[in-house]
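> Contents of work_0.tsv (TSV, C-alpha atoms) are below:
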chain	number	residue	atom	x	y	z
A	72	MET	CA	-12.63	6.28	27.47
A	73	ALA	CA	-11.48	4.78	24.21
A	74	ARG	CA	-8.46	2.52	24.36
A	75	ILE	CA	-6.08	0.98	21.85
A	76	THR	CA	-6.26	-2.75	22.38
A	77	ALA	CA	-3.96	-4.01	19.64
A	78	SER	CA	-2.10	-3.19	16.47
A	79	VAL	CA	-2.45	-5.31	13.38
A	80	TYR	CA	-0.06	-5.42	10.43
A	81	THR	CA	-0.75	-6.93	7.04
A	82	SER	CA	0.13	-6.71	3.38
A	83	HIS	CA	-2.73	-5.47	1.20
A	84	VAL	CA	-1.94	-7.17	-2.13
A	85	PRO	CA	-4.85	-6.68	-4.58
A	86	ALA	CA	-4.54	-10.28	-5.82
A	87	ILE	CA	-5.44	-11.53	-2.33
A	88	GLY	CA	-8.66	-9.54	-2.54
A	89	ALA	CA	-9.33	-10.89	-6.02
A	90	ALA	CA	-8.76	-14.47	-4.78
A	91	ILE	CA	-11.37	-13.93	-2.04
A	92	ASP	CA	-13.83	-12.19	-4.39
A	93	ARG	CA	-13.56	-14.98	-6.99
A	94	GLY	CA	-13.69	-17.91	-4.58
A	95	LYS	CA	-10.12	-19.01	-5.27
A	96	THR	CA	-8.85	-19.22	-1.71
A	97	ALA	CA	-8.69	-23.02	-1.84
A	98	ASP	CA	-6.68	-23.09	-5.09
A	99	SER	CA	-3.24	-24.62	-4.66
A	100	TYR	CA	-1.61	-21.22	-5.25
A	101	TYR	CA	-3.55	-19.50	-2.45
A	102	ALA	CA	-4.40	-22.30	0.00
A	103	PRO	CA	-1.14	-22.07	2.00
A	104	LEU	CA	-1.48	-18.29	2.31
A	105	PHE	CA	-5.08	-18.43	3.54
A	106	ALA	CA	-4.24	-21.28	5.90
A	107	GLY	CA	-1.56	-18.98	7.30
A	108	CYS	CA	-4.17	-16.22	7.80
A	109	GLU	CA	-6.52	-18.51	9.79
A	110	PRO	CA	-5.00	-17.80	13.22
A	111	ALA	CA	-5.34	-14.07	12.55
A	112	ARG	CA	-8.99	-14.50	11.53
A	113	ARG	CA	-9.74	-16.56	14.65
A	114	TRP	CA	-8.07	-13.96	16.86
A	115	MET	CA	-9.94	-11.16	15.09
A	116	ALA	CA	-13.30	-12.95	15.50
A	117	ALA	CA	-12.66	-13.12	19.25
A	118	ASN	CA	-11.26	-9.59	19.48
A	119	THR	CA	-13.27	-7.57	16.96
A	120	PRO	CA	-12.80	-3.90	17.88
A	121	ASP	CA	-15.41	-1.15	17.75
A	122	VAL	CA	-13.24	0.95	15.44
A	123	ILE	CA	-10.15	0.36	13.32
A	124	VAL	CA	-7.83	3.24	12.54
A	125	LEU	CA	-6.72	1.79	9.22
A	126	VAL	CA	-3.43	3.15	7.89
A	127	PHE	CA	-2.89	2.57	4.18
A	128	ASN	CA	-1.77	4.36	1.06
A	129	ASP	CA	-3.97	5.42	-1.79
A	130	HIS	CA	-2.85	3.86	-5.09
A	131	ALA	CA	-3.94	6.71	-7.37
A	132	ASN	CA	-7.62	6.10	-6.71
A	133	ALA	CA	-8.83	8.70	-4.19
A	134	PHE	CA	-6.16	11.27	-5.01
A	135	SER	CA	-5.03	12.09	-8.52
A	136	LEU	CA	-1.70	13.81	-9.13
A	137	GLN	CA	-3.56	17.09	-8.85
A	138	MET	CA	-3.17	16.85	-5.09
A	139	VAL	CA	-1.29	14.26	-3.02
A	140	PRO	CA	-1.62	14.74	0.74
A	141	THR	CA	1.20	13.37	2.88
A	142	PHE	CA	-1.13	12.36	5.74
A	143	ALA	CA	-4.90	12.42	5.16
A	144	LEU	CA	-7.58	11.54	7.71
A	145	GLY	CA	-11.01	10.35	6.61
A	146	MET	CA	-13.81	12.32	8.32
A	147	SER	CA	-16.79	10.65	6.70
A	148	ALA	CA	-19.52	8.25	7.85
A	149	HIS	CA	-19.25	6.28	4.62
A	150	TYR	CA	-16.55	5.26	2.12
A	151	GLU	CA	-17.29	3.46	-1.14
A	152	PRO	CA	-14.87	0.86	-2.57
A	153	ALA	CA	-13.03	2.39	-5.55
A	154	ASP	CA	-13.17	1.19	-9.13
A	155	GLU	CA	-9.42	0.83	-9.75
A	156	GLY	CA	-9.92	0.00	-13.42
A	157	TRP	CA	-11.13	-3.59	-13.07
A	158	GLY	CA	-14.53	-2.57	-11.61
A	159	ALA	CA	-15.12	-1.98	-7.90
A	160	ARG	CA	-14.53	-4.94	-5.58
A	161	PRO	CA	-17.80	-6.66	-4.55
A	162	VAL	CA	-17.29	-5.79	-0.90
A	163	PRO	CA	-19.46	-3.80	1.52
A	164	PRO	CA	-18.98	-0.06	1.82
A	165	VAL	CA	-16.85	1.01	4.75
A	166	ALA	CA	-18.63	2.72	7.65
A	167	GLY	CA	-16.65	5.54	9.25
A	168	HIS	CA	-16.79	7.03	12.72
A	169	PRO	CA	-17.16	10.79	12.23
A	170	ALA	CA	-17.09	11.66	15.94
A	171	LEU	CA	-13.80	9.84	16.49
A	172	SER	CA	-12.41	11.29	13.24
A	173	ALA	CA	-13.27	14.82	14.37
A	174	HIS	CA	-11.71	14.24	17.77
A	175	MET	CA	-8.58	12.77	16.19
A	176	ALA	CA	-8.30	15.69	13.77
A	177	HIS	CA	-8.46	18.22	16.62
A	178	CYS	CA	-5.97	16.34	18.80
A	179	ILE	CA	-3.47	15.34	16.13
A	180	ILE	CA	-3.31	18.72	14.41
A	181	ARG	CA	-2.88	20.41	17.80
A	182	ASP	CA	-0.17	17.83	18.35
A	183	ASP	CA	1.71	19.40	15.38
A	184	PHE	CA	0.78	16.95	12.60
A	185	ASP	CA	-0.74	19.00	9.79
A	186	LEU	CA	-3.24	16.43	8.56
A	187	THR	CA	-5.30	16.86	5.42
A	188	LEU	CA	-8.96	16.26	6.32
A	189	VAL	CA	-10.95	14.38	3.70
A	190	HIS	CA	-14.75	14.43	3.76
A	191	ASP	CA	-15.39	12.44	0.61
A	192	MET	CA	-13.18	9.74	-0.84
A	193	PRO	CA	-13.40	6.21	-2.19
A	194	VAL	CA	-11.18	3.61	-0.51
A	195	ASP	CA	-9.06	1.28	-2.61
A	196	HIS	CA	-7.52	-2.17	-2.06
A	197	GLY	CA	-5.16	-0.67	0.53
A	198	CYS	CA	-8.17	-0.42	2.84
A	199	THR	CA	-10.52	-3.16	1.64
A	200	VAL	CA	-8.05	-6.05	1.20
A	201	PRO	CA	-6.93	-6.01	4.86
A	202	LEU	CA	-10.63	-6.04	5.89
A	203	SER	CA	-11.27	-9.03	3.58
A	204	ILE	CA	-8.20	-10.85	4.89
A	205	MET	CA	-9.31	-10.47	8.51
A	206	PHE	CA	-13.12	-10.67	8.18
A	207	GLY	CA	-13.78	-12.70	5.02
A	208	GLN	CA	-16.98	-11.90	3.11
A	209	PRO	CA	-19.58	-10.52	5.56
A	210	GLU	CA	-22.72	-8.63	4.49
A	211	ALA	CA	-21.34	-5.60	6.32
A	212	TRP	CA	-17.94	-5.04	7.94
A	213	PRO	CA	-18.24	-5.78	11.67
A	214	CYS	CA	-16.82	-2.47	12.87
A	215	ALA	CA	-16.28	1.15	11.91
A	216	VAL	CA	-13.10	2.31	10.17
A	217	VAL	CA	-11.26	5.62	10.35
A	218	PRO	CA	-9.03	5.69	7.25
A	219	LEU	CA	-5.63	7.32	7.55
A	220	VAL	CA	-4.00	7.64	4.17
A	221	VAL	CA	-0.22	8.06	3.84
A	222	ASN	CA	1.56	9.13	0.66
A	223	VAL	CA	4.18	6.50	-0.16
A	224	VAL	CA	3.81	6.86	-3.95
A	225	GLN	CA	5.22	10.29	-4.84
A	226	TYR	CA	8.64	11.09	-3.38
A	227	PRO	CA	9.44	12.56	-0.99
A	228	VAL	CA	7.37	10.35	1.33
A	229	PRO	CA	7.31	10.71	5.13
A	230	SER	CA	10.17	9.19	7.10
A	231	GLY	CA	9.89	6.15	9.33
A	232	ARG	CA	10.54	8.41	12.29
A	233	ARG	CA	7.65	10.68	11.35
A	234	CYS	CA	5.36	7.69	10.90
A	235	LEU	CA	6.25	6.34	14.35
A	236	GLU	CA	5.60	9.78	15.86
A	237	LEU	CA	2.24	9.97	14.09
A	238	GLY	CA	1.37	6.67	15.74
A	239	ARG	CA	2.16	8.20	19.13
A	240	ALA	CA	-0.12	11.14	18.31
A	241	ILE	CA	-2.88	8.72	17.29
A	242	ARG	CA	-2.58	6.95	20.65
A	243	ARG	CA	-2.86	10.24	22.55
A	244	ALA	CA	-5.88	11.23	20.45
A	245	VAL	CA	-7.74	7.93	20.75
A	246	GLU	CA	-7.12	7.57	24.47
A	247	SER	CA	-8.57	11.03	25.14
A	248	PHE	CA	-11.86	10.24	23.35
A	249	ASP	CA	-14.76	10.05	25.80
A	250	GLU	CA	-16.67	7.16	24.31
A	251	ASP	CA	-15.88	3.69	25.60
A	252	LEU	CA	-14.43	2.14	22.45
A	253	ALA	CA	-12.01	-0.68	21.73
A	254	VAL	CA	-9.80	0.62	18.95
A	255	GLN	CA	-7.19	-1.19	16.88
A	256	VAL	CA	-4.62	0.53	14.69
A	257	TRP	CA	-3.79	-1.34	11.52
A	258	GLY	CA	-0.62	-0.71	9.53
A	259	THR	CA	-0.81	-2.12	6.02
A	260	GLY	CA	1.24	-2.61	2.86
A	261	GLY	CA	4.48	-4.35	1.93
A	262	MET	CA	6.40	-6.45	2.42
A	263	SER	CA	9.18	-6.48	-0.17
A	264	HIS	CA	7.95	-5.96	-3.72
A	265	GLN	CA	8.76	-4.01	-6.83
A	266	LEU	CA	6.11	-3.45	-9.50
A	267	GLN	CA	8.11	-1.48	-12.08
A	268	GLY	CA	11.16	-1.59	-14.28
A	269	PRO	CA	13.49	-4.45	-15.20
A	270	ARG	CA	14.13	-5.14	-11.48
A	271	ALA	CA	10.41	-5.89	-10.89
A	272	GLY	CA	9.73	-9.02	-8.86
A	273	LEU	CA	12.35	-8.28	-6.23
A	274	ILE	CA	11.75	-10.11	-2.94
A	275	ASN	CA	14.11	-9.94	0.04
A	276	GLN	CA	13.16	-12.60	2.56
A	277	PRO	CA	16.02	-12.03	5.05
A	278	TRP	CA	15.33	-8.28	5.10
A	279	ASP	CA	11.58	-8.79	5.53
A	280	ASN	CA	12.03	-11.24	8.38
A	281	ALA	CA	14.48	-8.92	10.11
A	282	PHE	CA	11.88	-6.15	9.70
A	283	LEU	CA	9.27	-8.34	11.43
A	284	ASP	CA	11.66	-8.97	14.31
A	285	ARG	CA	12.67	-5.35	14.60
A	286	ILE	CA	9.22	-3.80	14.46
A	287	VAL	CA	8.23	-5.96	17.40
A	288	ALA	CA	11.38	-5.59	19.48
A	289	ASP	CA	13.11	-2.43	18.37
A	290	PRO	CA	10.78	0.00	16.59
A	291	GLU	CA	12.70	3.13	17.55
A	292	VAL	CA	15.87	1.91	15.86
A	293	LEU	CA	13.88	0.57	12.90
A	294	SER	CA	12.22	3.97	12.43
A	295	ALA	CA	15.65	5.48	11.65
A	296	VAL	CA	16.05	3.31	8.53
A	297	GLU	CA	16.33	5.61	5.50
A	298	HIS	CA	14.04	5.44	2.48
A	299	VAL	CA	16.86	4.40	0.21
A	300	GLU	CA	17.37	1.22	2.23
A	301	TYR	CA	13.70	0.27	1.76
A	302	LEU	CA	14.00	0.99	-1.97
A	303	ARG	CA	17.23	-0.91	-2.45
A	304	GLU	CA	16.52	-3.86	-0.17
A	305	ALA	CA	12.72	-4.23	-0.28
A	306	GLY	CA	11.97	-2.90	-3.77
A	307	SER	CA	10.48	0.37	-4.93
A	308	GLU	CA	7.02	-0.49	-3.56
A	309	GLY	CA	8.43	-1.99	-0.35
A	310	ILE	CA	8.48	1.55	1.03
A	311	GLU	CA	4.85	0.91	2.02
A	312	LEU	CA	6.32	-0.72	5.13
A	313	VAL	CA	6.87	2.70	6.73
A	314	MET	CA	3.12	2.64	7.35
A	315	TRP	CA	3.58	-0.27	9.75
A	316	LEU	CA	5.50	2.16	11.96
A	317	VAL	CA	2.37	4.32	12.36
A	318	ALA	CA	0.55	1.38	13.93
A	319	ARG	CA	3.57	0.43	16.02
A	320	GLY	CA	3.88	3.99	17.32
A	321	ALA	CA	0.37	3.74	18.76
A	322	MET	CA	1.32	0.95	21.18
A	323	ALA	CA	1.60	1.57	24.91
A	324	ASP	CA	5.26	0.58	25.24
A	325	LEU	CA	6.27	3.61	23.17
A	326	ALA	CA	4.66	5.81	25.82
A	327	GLY	CA	6.22	4.16	28.83
A	328	GLY	CA	3.79	1.22	29.10
A	329	GLY	CA	4.46	-2.51	29.06
A	330	ALA	CA	5.72	-4.45	26.06
A	331	PRO	CA	3.06	-5.81	23.69
A	332	THR	CA	2.37	-9.51	23.24
A	333	GLU	CA	2.86	-10.96	19.78
A	334	VAL	CA	-0.12	-13.22	19.11
A	335	HIS	CA	0.29	-13.81	15.37
A	336	ARG	CA	3.00	-13.73	12.73
A	337	LEU	CA	2.92	-14.83	9.10
A	338	TYR	CA	5.42	-14.60	6.29
A	339	HIS	CA	4.57	-16.03	2.88
A	340	VAL	CA	6.01	-15.65	-0.63
A	341	PRO	CA	4.45	-14.93	-3.04
A	342	ALA	CA	1.06	-13.36	-3.59
A	343	SER	CA	1.25	-12.09	-7.13
A	344	ASN	CA	4.45	-9.94	-7.08
A	345	THR	CA	4.66	-9.50	-3.34
A	346	ALA	CA	5.93	-10.98	-0.09
A	347	VAL	CA	3.08	-11.18	2.43
A	348	GLY	CA	3.69	-10.40	6.09
A	349	GLN	CA	1.34	-10.19	9.07
A	350	LEU	CA	1.69	-9.44	12.76
A	351	ILE	CA	-0.76	-8.91	15.59
A	352	LEU	CA	0.46	-7.23	18.76
A	353	GLU	CA	-1.80	-6.99	21.80
A	354	ASN	CA	-1.30	-4.03	24.05
A	355	ALA	CA	-0.24	-4.63	27.64
A	356	LEU	CA	-3.14	-4.22	30.06
A	357	THR	CA	-2.83	-1.05	32.09
B	100	MET	CA	21.63	23.03	-4.31
B	101	ALA	CA	20.66	19.97	-6.34
B	102	LEU	CA	18.06	17.66	-4.85
B	103	ASP	CA	19.59	14.73	-3.00
B	104	LYS	CA	18.57	11.55	-4.80
B	105	PRO	CA	20.49	8.67	-3.26
B	106	TYR	CA	18.15	6.24	-5.03
B	107	LEU	CA	19.45	6.97	-8.53
B	108	ASP	CA	22.05	4.19	-8.30
B	109	ILE	CA	19.46	1.40	-7.91
B	110	PRO	CA	19.39	-0.59	-11.16
B	111	GLY	CA	16.23	-1.19	-13.19
B	112	THR	CA	14.25	1.16	-10.98
B	113	THR	CA	12.71	4.59	-11.50
B	114	VAL	CA	11.65	6.28	-8.30
B	115	PHE	CA	8.52	8.36	-8.83
B	116	ASP	CA	9.72	11.64	-7.40
B	117	THR	CA	8.57	15.20	-7.97
B	118	ASP	CA	10.62	15.51	-11.17
B	119	GLN	CA	9.02	12.37	-12.62
B	120	ALA	CA	5.59	13.53	-11.44
B	121	ALA	CA	6.02	16.87	-13.21
B	122	LYS	CA	7.13	15.13	-16.41
B	123	GLY	CA	4.32	12.59	-16.28
B	124	TYR	CA	1.47	14.71	-14.97
B	125	HIS	CA	-0.83	14.43	-17.98
B	126	LEU	CA	0.16	10.83	-18.73
B	127	ASN	CA	-0.83	9.85	-15.20
B	128	GLN	CA	-4.01	11.94	-15.22
B	129	PHE	CA	-5.01	10.30	-18.51
B	130	ALA	CA	-4.40	6.85	-17.00
B	131	MET	CA	-6.41	7.74	-13.93
B	132	SER	CA	-9.36	8.80	-16.09
B	133	LEU	CA	-9.72	5.08	-16.92
B	134	MET	CA	-11.15	4.48	-13.44
B	135	LYS	CA	-14.51	5.35	-15.00
B	136	ALA	CA	-16.12	2.52	-16.96
B	137	GLU	CA	-17.47	4.91	-19.61
B	138	ASN	CA	-13.96	6.30	-20.18
B	139	ARG	CA	-12.55	2.79	-20.55
B	140	GLU	CA	-15.17	2.15	-23.22
B	141	ARG	CA	-14.40	5.40	-25.03
B	142	PHE	CA	-10.65	4.69	-24.89
B	143	LYS	CA	-11.12	1.18	-26.28
B	144	ALA	CA	-13.38	2.50	-29.04
B	145	GLY	CA	-10.76	5.00	-30.26
B	146	GLU	CA	-7.40	5.24	-28.55
B	147	ASP	CA	-5.96	8.06	-30.65
B	148	ALA	CA	-9.00	10.27	-30.24
B	149	TYR	CA	-9.05	9.66	-26.50
B	150	LEU	CA	-5.32	10.31	-26.13
B	151	ASP	CA	-5.68	13.54	-28.11
B	152	GLU	CA	-7.84	14.90	-25.29
B	153	TRP	CA	-4.80	14.91	-23.01
B	154	PRO	CA	-1.87	17.32	-23.48
B	155	MET	CA	0.75	14.56	-23.47
B	156	THR	CA	3.94	14.52	-25.54
B	157	GLY	CA	4.10	12.49	-28.72
B	158	GLU	CA	6.54	10.12	-27.02
B	159	GLN	CA	4.11	9.56	-24.17
B	160	ARG	CA	1.25	8.86	-26.58
B	161	ARG	CA	3.42	6.43	-28.53
B	162	ALA	CA	4.48	4.62	-25.35
B	163	VAL	CA	0.80	4.22	-24.40
B	164	ARG	CA	-0.10	2.92	-27.88
B	165	ASP	CA	2.83	0.49	-27.70
B	166	ARG	CA	1.89	-0.50	-24.11
B	167	ASP	CA	5.58	0.01	-23.37
B	168	TYR	CA	5.40	0.31	-19.60
B	169	ASN	CA	9.13	0.83	-19.10
B	170	ARG	CA	9.01	3.74	-21.51
B	171	MET	CA	5.87	5.16	-19.86
B	172	ILE	CA	7.64	5.03	-16.50
B	173	GLU	CA	10.74	6.67	-17.97
B	174	LEU	CA	8.47	9.43	-19.29
B	175	GLY	CA	7.01	10.13	-15.86
B	176	GLY	CA	4.35	7.46	-15.42
B	177	ASN	CA	3.77	5.78	-12.10
B	178	ILE	CA	2.72	2.14	-11.93
B	179	TYR	CA	-0.41	2.74	-9.85
B	180	PHE	CA	-1.72	5.20	-12.42
B	181	LEU	CA	-0.53	3.12	-15.41
B	182	ALA	CA	-2.14	-0.03	-13.99
B	183	LYS	CA	-5.50	1.45	-15.06
B	184	ILE	CA	-4.35	1.06	-18.69
B	185	GLY	CA	-3.52	-2.59	-18.02
B	186	ALA	CA	-6.86	-3.04	-16.26
B	187	THR	CA	-8.62	-1.60	-19.31
B	188	ASP	CA	-6.78	-4.19	-21.40
B	189	GLY	CA	-7.97	-6.91	-19.02
B	190	LEU	CA	-4.50	-7.63	-17.69
B	191	SER	CA	-3.46	-8.60	-14.16
B	192	TYR	CA	-0.68	-6.91	-12.21
B	193	VAL	CA	1.58	-9.92	-12.90
B	194	GLN	CA	1.02	-9.47	-16.64
B	195	ILE	CA	1.60	-5.71	-16.51
B	196	VAL	CA	4.64	-5.98	-14.25
B	197	SER	CA	6.30	-8.87	-16.08
B	198	SER	CA	6.14	-6.93	-19.35
B	199	MET	CA	8.81	-4.63	-17.92
B	200	THR	CA	11.23	-7.46	-17.22
B	201	SER	CA	13.18	-9.89	-19.39
B	202	ASN	CA	10.64	-12.62	-18.48
B	203	ASP	CA	7.25	-13.34	-19.97
B	204	ALA	CA	4.27	-13.55	-17.59
B	205	ASP	CA	4.57	-17.31	-17.02
B	206	ALA	CA	8.32	-17.17	-16.36
B	207	HIS	CA	7.78	-14.18	-14.06
B	208	ALA	CA	5.08	-16.00	-12.07
B	209	GLU	CA	7.39	-19.03	-11.87
B	210	MET	CA	10.22	-16.81	-10.59
B	211	MET	CA	7.88	-15.40	-7.93
B	212	LEU	CA	6.93	-18.92	-6.83
B	213	ARG	CA	10.62	-19.71	-6.43
B	214	GLY	CA	10.94	-16.74	-4.06
B	215	GLY	CA	11.18	-13.79	-6.43
B	216	ARG	CA	14.13	-11.85	-7.79
B	217	SER	CA	17.02	-11.93	-5.35
B	218	PRO	CA	18.41	-8.61	-4.17
B	219	ASP	CA	21.90	-10.08	-4.61
B	220	GLY	CA	23.47	-8.53	-7.68
B	221	ASN	CA	20.48	-6.17	-8.01
B	222	ARG	CA	21.24	-3.45	-5.47
B	223	TYR	CA	23.57	-1.10	-7.37
B	224	ARG	CA	23.77	0.00	-10.98
B	225	HIS	CA	27.42	-1.04	-11.25
B	226	GLU	CA	26.35	-4.62	-10.56
B	227	TRP	CA	24.36	-4.56	-13.82
B	228	GLN	CA	27.14	-3.19	-16.01
B	229	HIS	CA	28.41	-6.67	-16.87
B	230	GLY	CA	26.17	-9.40	-18.23
B	231	ASP	CA	22.75	-7.73	-17.99
Rewrite the structure of this file - the entire thing - as structure tokens.

Amino acid sequence: MARITASVYTSHVPAIGAAIDRGKTADSYYAPLFAGCEPARRWMAANTPDVIVLVFNDHANAFSLQMVPTFALGMSAHYEPADEGWGARPVPPVAGHPALSAHMAHCIIRDDFDLTLVHDMPVDHGCTVPLSIMFGQPEAWPCAVVPLVVNVVQYPVPSGRRCLELGRAIRRAVESFDEDLAVQVWGTGGMSHQLQGPRAGLINQPWDNAFLDRIVADPEVLSAVEHVEYLREAGSEGIELVMWLVARGAMADLAGGGAPTEVHRLYHVPASNTAVGQLILENALT
Amino acid sequence: MALDKPYLDIPGTTVFDTDQAAKGYHLNQFAMSLMKAENRERFKAGEDAYLDEWPMTGEQRRAVRDRDYNRMIELGGNIYFLAKIGATDGLSYVQIVSSMTSNDADAHAEMMLRGGRSPDGNRYRHEWQHGD
């Protein structure tokens, strides 16, 4: 049977992808950030999963305003990197896992989450930057990816509680899939940042660090935090952090299992306009 | 019953909600069309003609021509759509974003290196009524 081995959390700042693509990771601006990512890369090299359920938001690249799904699951075998206006990133296409996607769609929709199923979409920096951060610049990504796209751009966006519950549904779906697969769930985006208006550039280090503590130790209470607190304290784009709760909800301790082990944490300011956070939580062995 | 919008009292911030999305629909769809390289070329070759293809308001067209991102956001734009205009101009996110603040791009980048804009004094509109 498939099993969820770990959850991984990371910001997906486009400038980090651009730094990798342009060979600027050793520049003085980026060197401390990439040094901070090294433990995560080493862990990932030793613990590469078969499939990543990668939770991210589309930044007006796959979905125009014509239609904005709240939760969308990628069903495809293949996802091309999007041209977001600067030209597509020079990264490999993303290979999907259609059989797992189909199984997840059946389970999760029967579990009362009315997912939108997407058979053809490009993936933007929300998906490809986390892959670059963890895997560098391979010829092909070392594992399959099932994209799960959350609307955090057009309000109203789903609540933290709903995101945590979706994570629980993902765990039930993955762990009932017959194939023997190691699966990780990645929650991406954040941390504090605001990209619009005269308040742009907002960073809230105490709030971000408390979020890191709370998502590890107290995700149920954290999931009750209202949108307006994210907006006020972590900036208008800091709301992306609700997606971390999807990954956290997929961990065994939220279904009566043992507590996860934190094997990596990073907090770094800034990358472009954004505070960068990372966590890796290994599931308790059952 | 009016929609509950507890976020309206955050200063210097426009939350992209359904009202903004309705107002900015064509502005955002125009901006998104710039994901295609051939559309970026056509836009650069003749902005007015390109903008005329989209049923935007005159104010929205003017804000695009002026590259006034605060005004575009006020008129219903969302940053992830509008960033395609900045990309077409060859700008980075820092350059696009800083243009909406009182800092230029260098001062904005310097502020970010010093830890960014503090939330203190920037949480509620009433905190901005004096000084700013």
> What is the atom CA of Leu102 of chain B to atom CA of Cys234 of chain A distance in Å?
22.6 Å
> Just the number, please: distance in Å from atom CA of Gly231 of chain A to atom CA of Gly214 of chain B, one decimal.
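Straight-line distance from atom CA of Gly231 of chain A to atom CA of Gly214 of chain B works out to 26.5 Å.
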> Pick out the closest residue to Gln128 of chain B from this set: A:Leu237, A:Leu136, A:Leu302, A:Ala116. Count only C-alpha atoms.
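Closest residue, counting only C-alpha atoms: A:Leu136.
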> Please return, as a PyMOL selection string, all residues of chain A lying within 8 Å of chain B when all atoms listed in the file are considered.
chain A and resi 130-132+135-136+154-158+224-227+266-275+299+302-304+307+340-341+343-344
> Hey, can you check how far atom CA of Gly306 of chain A sits from atom CA of Leu235 of chain A?
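A separation of 21.1 Å between them.
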> Find the residues around Ala355 of chain A up to 10 Å (only C-alpha atoms counted), leave out those fewer than 4 positions away in its own chain, and share them as a PyMOL selection string.
chain A and resi 75-77+322-324+328-332
> Which polymer residues have any atom within 6 Å of an atom of Met262 of chain A, counting only C-alpha atoms, with same-chain residues fewer than 5 positions away left out, as an NGL selection string?
:A and (309 or 346-347)
> Leaving out Ile179 of chain A and any residue of its chain fewer than 6 positions from it, which residues lie within 7 Å of it when counting all atoms listed in the file, given as an NGL selection string?
:A and (240-241 or 244)
> Between A:His264, A:Arg113, A:His174, A:His190, single out the one closest to Tyr150 of chain A, counting all atoms listed in the file.
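With all atoms listed in the file as the atom set, the closest residue is A:His190.
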> Check the smallest atom-to-atom distance from each of A:Ile180, A:Leu312, A:Met205, A:Ala166 to Asp121 of chain A using only C-alpha atoms, then report the winner.
A:Ala166
> Which one is closest to Pro229 of chain A: A:Phe142, A:Trp278, A:Phe248, A:Phe206? Count only C-alpha atoms.
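Smallest distance to Pro229 of chain A is found for A:Phe142.
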> Using only C-alpha atoms, which of the listed residues (A:Ala153, A:Val317, A:Ala133, A:Ile310) sits closest to Pro290 of chain A?
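Distance minimum relative to Pro290 of chain A lands on A:Val317.
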> Using all atoms listed in the file, which of the listed residues (A:Asp92, A:Asp284, A:Glu291, A:Glu300) sits closest to Ser203 of chain A?
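The closest residue to Ser203 of chain A is A:Asp92.
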> Output: segment 141-180 of chain B of the preceding structure, restricted to C-alpha atoms, written as an mmCIF file, in the first residue's frame.

data_model
loop_
_atom_site.group_PDB
_atom_site.id
_atom_site.type_symbol
_atom_site.label_atom_id
_atom_site.label_comp_id
_atom_site.auth_asym_id
_atom_site.auth_seq_id
_atom_site.Cartn_x
_atom_site.Cartn_y
_atom_site.Cartn_z
ATOM 1 C CA ARG B 141 1.973 42.944 -30.209
ATOM 2 C CA PHE B 142 1.371 44.927 -26.992
ATOM 3 C CA LYS B 143 4.850 46.462 -27.127
ATOM 4 C CA ALA B 144 4.400 47.337 -30.800
ATOM 5 C CA GLY B 145 1.178 49.279 -30.147
ATOM 6 C CA GLU B 146 -0.208 49.572 -26.636
ATOM 7 C CA ASP B 147 -3.321 51.566 -27.486
ATOM 8 C CA ALA B 148 -4.381 49.240 -30.271
ATOM 9 C CA TYR B 149 -3.829 46.207 -28.063
ATOM 10 C CA LEU B 150 -5.703 47.743 -25.124
ATOM 11 C CA ASP B 151 -8.604 48.622 -27.430
ATOM 12 C CA GLU B 152 -9.179 44.900 -27.950
ATOM 13 C CA TRP B 153 -10.245 44.591 -24.312
ATOM 14 C CA PRO B 154 -13.496 46.092 -22.978
ATOM 15 C CA MET B 155 -11.785 47.948 -20.129
ATOM 16 C CA THR B 156 -12.803 51.346 -18.774
ATOM 17 C CA GLY B 157 -10.915 54.444 -19.826
ATOM 18 C CA GLU B 158 -9.524 54.735 -16.299
ATOM 19 C CA GLN B 159 -8.210 51.182 -16.454
ATOM 20 C CA ARG B 160 -6.559 51.816 -19.824
ATOM 21 C CA ARG B 161 -4.982 55.015 -18.511
ATOM 22 C CA ALA B 162 -3.668 53.247 -15.406
ATOM 23 C CA VAL B 163 -2.065 50.599 -17.635
ATOM 24 C CA ARG B 164 -0.499 53.257 -19.899
ATOM 25 C CA ASP B 165 0.799 55.079 -16.808
ATOM 26 C CA ARG B 166 2.013 51.774 -15.270
ATOM 27 C CA ASP B 167 0.273 53.004 -12.122
ATOM 28 C CA TYR B 168 0.011 49.714 -10.262
ATOM 29 C CA ASN B 169 -1.747 51.160 -7.215
ATOM 30 C CA ARG B 170 -4.415 52.582 -9.486
ATOM 31 C CA MET B 171 -4.704 49.306 -11.429
ATOM 32 C CA ILE B 172 -5.218 47.467 -8.148
ATOM 33 C CA GLU B 173 -7.794 50.014 -7.014
ATOM 34 C CA LEU B 174 -9.614 49.435 -10.309
ATOM 35 C CA GLY B 175 -9.816 45.686 -9.754
ATOM 36 C CA GLY B 176 -6.404 44.407 -10.820
ATOM 37 C CA ASN B 177 -4.660 41.634 -8.953
ATOM 38 C CA ILE B 178 -0.888 41.593 -8.628
ATOM 39 C CA TYR B 179 -0.413 38.114 -10.098
ATOM 40 C CA PHE B 180 -2.253 39.132 -13.255
#
